[in-house]
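Listing of protein-v7.cif, mmCIF, C-alpha atoms
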```cif
data_protein
loop_
_atom_site.group_PDB
_atom_site.id
_atom_site.type_symbol
_atom_site.label_atom_id
_atom_site.label_comp_id
_atom_site.auth_asym_id
_atom_site.auth_seq_id
_atom_site.Cartn_x
_atom_site.Cartn_y
_atom_site.Cartn_z
ATOM 1 C CA MET F 1 -11.919 0.465 -9.928
ATOM 2 C CA VAL F 2 -12.941 1.579 -6.463
ATOM 3 C CA LYS F 3 -15.854 0.053 -4.585
ATOM 4 C CA ILE F 4 -17.101 1.586 -1.384
ATOM 5 C CA ILE F 5 -17.632 -0.901 1.435
ATOM 6 C CA ASN F 6 -20.922 -0.866 3.376
ATOM 7 C CA GLY F 7 -22.295 1.855 1.123
ATOM 8 C CA GLN F 8 -20.349 4.570 2.905
ATOM 9 C CA ASN F 9 -18.732 7.288 0.844
ATOM 10 C CA THR F 10 -15.778 8.049 3.106
ATOM 11 C CA ALA F 11 -12.014 7.743 2.819
ATOM 12 C CA LYS F 12 -12.054 5.253 5.678
ATOM 13 C CA SER F 13 -13.107 2.042 3.909
ATOM 14 C CA TYR F 14 -12.121 1.413 0.323
ATOM 15 C CA LYS F 15 -11.777 -1.937 -1.364
ATOM 16 C CA THR F 16 -9.597 -1.637 -4.428
ATOM 17 C CA THR F 17 -8.863 -3.976 -7.298
ATOM 18 C CA HIS F 18 -6.144 -3.213 -9.803
ATOM 19 C CA PHE F 19 -5.531 -5.028 -13.050
ATOM 20 C CA SER F 20 -2.397 -5.028 -15.162
ATOM 21 C CA ASN F 21 -0.997 -6.950 -18.096
ATOM 22 C CA GLY F 22 0.323 -9.436 -15.539
ATOM 23 C CA PRO F 23 -1.439 -11.068 -12.614
ATOM 24 C CA MET F 24 -4.205 -9.308 -10.719
ATOM 25 C CA ILE F 25 -3.090 -7.319 -7.694
ATOM 26 C CA PRO F 26 -4.878 -8.633 -4.579
ATOM 27 C CA LEU F 27 -7.597 -6.670 -2.877
ATOM 28 C CA PHE F 28 -6.523 -4.266 -0.175
ATOM 29 C CA THR F 29 -8.151 -1.720 2.076
ATOM 30 C CA LEU F 30 -7.057 1.878 2.313
ATOM 31 C CA GLY F 31 -8.156 4.055 5.189
ATOM 32 C CA LYS F 32 -7.197 6.354 8.015
ATOM 33 C CA CYS F 33 -4.879 4.780 10.554
ATOM 34 C CA LYS F 34 -5.994 4.433 14.169
ATOM 35 C CA THR F 35 -4.377 7.715 15.232
ATOM 36 C CA LYS F 36 -5.787 9.540 12.162
ATOM 37 C CA ALA F 37 -2.259 10.836 11.482
ATOM 38 C CA GLY F 38 -2.111 9.199 8.064
ATOM 39 C CA TYR F 39 -3.483 6.476 5.847
ATOM 40 C CA THR F 40 -2.746 2.756 5.810
ATOM 41 C CA ALA F 41 -3.139 0.083 3.161
ATOM 42 C CA LYS F 42 -3.624 -3.523 4.245
ATOM 43 C CA LEU F 43 -4.201 -6.685 2.261
ATOM 44 C CA LEU F 44 -7.549 -8.360 2.853
ATOM 45 C CA LYS F 45 -5.761 -11.716 2.953
ATOM 46 C CA SER F 46 -2.488 -12.070 4.825
ATOM 47 C CA GLY F 47 0.650 -11.732 2.774
ATOM 48 C CA LYS F 48 4.317 -10.895 2.964
ATOM 49 C CA LEU F 49 6.380 -8.337 1.069
ATOM 50 C CA ASN F 50 9.838 -9.045 -0.285
ATOM 51 C CA LEU F 51 11.602 -5.904 0.945
ATOM 52 C CA THR F 52 14.639 -6.588 -1.242
ATOM 53 C CA LYS F 53 12.494 -6.327 -4.380
ATOM 54 C CA VAL F 54 10.818 -3.175 -3.057
ATOM 55 C CA GLN F 55 14.122 -1.462 -2.250
ATOM 56 C CA GLN F 56 15.471 -2.274 -5.728
ATOM 57 C CA GLU F 57 12.490 -0.598 -7.381
ATOM 58 C CA PHE F 58 11.907 2.529 -5.263
ATOM 59 C CA GLU F 59 13.914 5.296 -3.573
ATOM 60 C CA VAL F 60 14.792 4.103 -0.057
ATOM 61 C CA ILE F 61 15.012 6.631 2.790
ATOM 62 C CA LEU F 62 15.467 4.156 5.654
ATOM 63 C CA GLN F 63 16.071 0.413 5.740
ATOM 64 C CA THR F 64 15.772 -2.158 8.548
ATOM 65 C CA PRO F 65 15.360 -5.954 8.310
ATOM 66 C CA ILE F 66 11.543 -5.769 8.600
ATOM 67 C CA VAL F 67 10.639 -2.195 7.550
ATOM 68 C CA LEU F 68 11.512 0.165 4.709
ATOM 69 C CA VAL F 69 10.719 3.836 4.339
ATOM 70 C CA ILE F 70 10.465 4.653 0.643
ATOM 71 C CA ARG F 71 9.559 7.714 -1.405
ATOM 72 C CA ILE F 72 7.407 7.534 -4.523
ATOM 73 C CA GLU F 73 6.142 10.698 -6.232
ATOM 74 C CA GLN F 74 7.075 12.804 -3.168
ATOM 75 C CA VAL F 75 5.027 10.553 -0.856
ATOM 76 C CA GLU F 76 6.816 8.785 2.009
ATOM 77 C CA ILE F 77 5.579 5.252 2.619
ATOM 78 C CA ILE F 78 6.506 3.010 5.526
ATOM 79 C CA VAL F 79 6.544 -0.528 4.122
ATOM 80 C CA HIS F 80 6.226 -3.366 6.630
ATOM 81 C CA GLN F 81 7.329 -6.880 5.723
ATOM 82 C CA TYR F 82 3.885 -8.166 6.763
ATOM 83 C CA ALA F 83 2.435 -6.090 3.871
ATOM 84 C CA GLU F 84 1.026 -3.064 5.692
ATOM 85 C CA LEU F 85 1.782 0.318 4.114
ATOM 86 C CA PHE F 86 1.611 3.619 6.010
ATOM 87 C CA PHE F 87 1.400 6.850 3.989
ATOM 88 C CA LYS F 88 3.010 9.683 5.936
ATOM 89 C CA ASN F 89 2.428 12.881 4.000
ATOM 90 C CA CYS F 90 -0.467 12.394 1.608
ATOM 91 C CA ALA F 91 -4.231 12.880 1.634
ATOM 92 C CA ASP F 92 -4.910 12.065 -2.043
ATOM 93 C CA VAL F 93 -6.790 8.749 -1.876
ATOM 94 C CA ALA F 94 -6.518 8.036 -5.612
ATOM 95 C CA LEU F 95 -2.747 8.577 -5.548
ATOM 96 C CA MET F 96 -2.338 6.357 -2.479
ATOM 97 C CA GLU F 97 -4.334 3.576 -4.185
ATOM 98 C CA LYS F 98 -2.038 3.820 -7.201
ATOM 99 C CA LEU F 99 1.130 3.788 -5.080
ATOM 100 C CA ALA F 100 -0.075 0.884 -2.915
ATOM 101 C CA ALA F 101 -0.834 -1.143 -6.046
ATOM 102 C CA LYS F 102 2.697 -0.433 -7.339
ATOM 103 C CA VAL F 103 4.337 -1.559 -4.095
ATOM 104 C CA TYR F 104 2.195 -4.697 -3.845
ATOM 105 C CA LYS F 105 2.840 -5.569 -7.501
ATOM 106 C CA VAL F 106 6.617 -5.323 -7.021
ATOM 107 C CA GLY F 107 7.027 -6.891 -3.600
ATOM 108 C CA LEU F 108 4.196 -9.270 -2.817
ATOM 109 C CA GLU F 109 5.397 -12.839 -2.415
ATOM 110 C CA LYS F 110 3.295 -15.722 -3.645
ATOM 111 C CA VAL F 111 1.800 -17.681 -0.790
#
```
Please lay out the structure from this file as structure tokens.
Amino acid sequence: MVKIINGQNTAKSYKTTHFSNGPMIPLFTLGKCKTKAGYTAKLLKSGKLNLTKVQQEFEVILQTPIVLVIRIEQVEIIVHQYAELFFKNCADVALMEKLAAKVYKVGLEKV
């Protein structure tokens, strides 16, 4: 389910809720990054990703102690430990919402 924030129908401000058989995935925003070179997903409440869990679940292109670059469905995603995701080569908002929900479901640590 996608709700548009502030009544604006743009790809800049989406609030997304995903449900699964397990716990609810937290709300996150998806929009153009500051440089407009790609899209970012950020949790509305602060959180932390367990990069070990993420790297076990997805194809890893690059790994550092605080950042992973992964590939899901031909989309490269920079995954920061502080739970920000940067989508490098994708403009499909629905696909990015789906991929962000997958990453958050796998790696988000309980606070």
Could you tell me which residues the PyMOL selection byres ((chain F and resi 88) around 12) grabs in this file, written as a PDB file with C-alpha atoms, in the frame of the given file?
```pdb
ATOM      1  CA  LYS F  32      -7.197   6.354   8.015  1.00  0.00           C
ATOM      2  CA  CYS F  33      -4.879   4.780  10.554  1.00  0.00           C
ATOM      3  CA  LYS F  36      -5.787   9.540  12.162  1.00  0.00           C
ATOM      4  CA  ALA F  37      -2.259  10.836  11.482  1.00  0.00           C
ATOM      5  CA  GLY F  38      -2.111   9.199   8.064  1.00  0.00           C
ATOM      6  CA  TYR F  39      -3.483   6.476   5.847  1.00  0.00           C
ATOM      7  CA  THR F  40      -2.746   2.756   5.810  1.00  0.00           C
ATOM      8  CA  ALA F  41      -3.139   0.083   3.161  1.00  0.00           C
ATOM      9  CA  VAL F  69      10.719   3.836   4.339  1.00  0.00           C
ATOM     10  CA  ILE F  70      10.465   4.653   0.643  1.00  0.00           C
ATOM     11  CA  ARG F  71       9.559   7.714  -1.405  1.00  0.00           C
ATOM     12  CA  ILE F  72       7.407   7.534  -4.523  1.00  0.00           C
ATOM     13  CA  GLN F  74       7.075  12.804  -3.168  1.00  0.00           C
ATOM     14  CA  VAL F  75       5.027  10.553  -0.856  1.00  0.00           C
ATOM     15  CA  GLU F  76       6.816   8.785   2.009  1.00  0.00           C
ATOM     16  CA  ILE F  77       5.579   5.252   2.619  1.00  0.00           C
ATOM     17  CA  ILE F  78       6.506   3.010   5.526  1.00  0.00           C
ATOM     18  CA  VAL F  79       6.544  -0.528   4.122  1.00  0.00           C
ATOM     19  CA  LEU F  85       1.782   0.318   4.114  1.00  0.00           C
ATOM     20  CA  PHE F  86       1.611   3.619   6.010  1.00  0.00           C
ATOM     21  CA  PHE F  87       1.400   6.850   3.989  1.00  0.00           C
ATOM     22  CA  ASN F  89       2.428  12.881   4.000  1.00  0.00           C
ATOM     23  CA  CYS F  90      -0.467  12.394   1.608  1.00  0.00           C
ATOM     24  CA  ALA F  91      -4.231  12.880   1.634  1.00  0.00           C
ATOM     25  CA  ASP F  92      -4.910  12.065  -2.043  1.00  0.00           C
ATOM     26  CA  MET F  96      -2.338   6.357  -2.479  1.00  0.00           C
TER      27      MET F  96
END
```
I'd like the contact shell of F:Thr64 - 12 Å cut-off, all atoms listed in the file, skipping same-chain residues fewer than 2 positions apart - returned as a PDB file with C-alpha atoms, in the frame of the given file.
```pdb
ATOM      1  CA  LEU F  51      11.602  -5.904   0.945  1.00  0.00           C
ATOM      2  CA  THR F  52      14.639  -6.588  -1.242  1.00  0.00           C
ATOM      3  CA  GLN F  55      14.122  -1.462  -2.250  1.00  0.00           C
ATOM      4  CA  VAL F  60      14.792   4.103  -0.057  1.00  0.00           C
ATOM      5  CA  ILE F  61      15.012   6.631   2.790  1.00  0.00           C
ATOM      6  CA  LEU F  62      15.467   4.156   5.654  1.00  0.00           C
ATOM      7  CA  ILE F  66      11.543  -5.769   8.600  1.00  0.00           C
ATOM      8  CA  VAL F  67      10.639  -2.195   7.550  1.00  0.00           C
ATOM      9  CA  LEU F  68      11.512   0.165   4.709  1.00  0.00           C
ATOM     10  CA  VAL F  69      10.719   3.836   4.339  1.00  0.00           C
ATOM     11  CA  ILE F  70      10.465   4.653   0.643  1.00  0.00           C
ATOM     12  CA  ILE F  78       6.506   3.010   5.526  1.00  0.00           C
ATOM     13  CA  VAL F  79       6.544  -0.528   4.122  1.00  0.00           C
ATOM     14  CA  HIS F  80       6.226  -3.366   6.630  1.00  0.00           C
ATOM     15  CA  GLN F  81       7.329  -6.880   5.723  1.00  0.00           C
TER      16      GLN F  81
END
```
What is the distance between atom CA of F:Val106 and atom CA of F:Leu30, in Å to one decimal?
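Computing the Euclidean distance for atom CA of F:Val106 and atom CA of F:Leu30 yields 18.1 Å.
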Report, in Å with one decimal, the straight-line distance from atom CA of F:Ala100 to atom CA of F:Lys34.
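Going from atom CA of F:Ala100 over to atom CA of F:Lys34 covers 18.4 Å.
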Pick from F:Pro65, F:Lys48, F:Lys42, F:Gly31, whichever lies nearest to F:Ala101 using all atoms listed in the file:
F:Lys42
Can you measure atom CA of F:Lys105 to atom CA of F:Glu59 for me? One decimal in Å is fine.
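A separation of 16.0 Å between them.
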Using only C-alpha atoms, collect all residues at a distance of at most 10 Å from (-4.3, -12.3, 4.6) as written in the file, then present them as a list in words.
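Residues with an atom close enough to that point: Pro26, Leu27, Phe28, Lys42, Leu43, Leu44, Lys45, Ser46, Gly47, Lys48, Tyr82, Ala83 and Val111 of chain F.
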Take the residues that were just selected and, keeping C-alpha atoms, output them as a PDB file, in the coordinates of the input.
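This is the output file out26.pdb:
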```
ATOM      1  CA  PRO F  26      -4.878  -8.633  -4.579  1.00  0.00           C
ATOM      2  CA  LEU F  27      -7.597  -6.670  -2.877  1.00  0.00           C
ATOM      3  CA  PHE F  28      -6.523  -4.266  -0.175  1.00  0.00           C
ATOM      4  CA  LYS F  42      -3.624  -3.523   4.245  1.00  0.00           C
ATOM      5  CA  LEU F  43      -4.201  -6.685   2.261  1.00  0.00           C
ATOM      6  CA  LEU F  44      -7.549  -8.360   2.853  1.00  0.00           C
ATOM      7  CA  LYS F  45      -5.761 -11.716   2.953  1.00  0.00           C
ATOM      8  CA  SER F  46      -2.488 -12.070   4.825  1.00  0.00           C
ATOM      9  CA  GLY F  47       0.650 -11.732   2.774  1.00  0.00           C
ATOM     10  CA  LYS F  48       4.317 -10.895   2.964  1.00  0.00           C
ATOM     11  CA  TYR F  82       3.885  -8.166   6.763  1.00  0.00           C
ATOM     12  CA  ALA F  83       2.435  -6.090   3.871  1.00  0.00           C
ATOM     13  CA  VAL F 111       1.800 -17.681  -0.790  1.00  0.00           C
TER      14      VAL F 111
END
```
Which of these, F:Glu57, F:Glu84, F:Gln63, F:Asn50, has the shortest distance to F:Glu109 once you count all atoms listed in the file?
F:Asn50
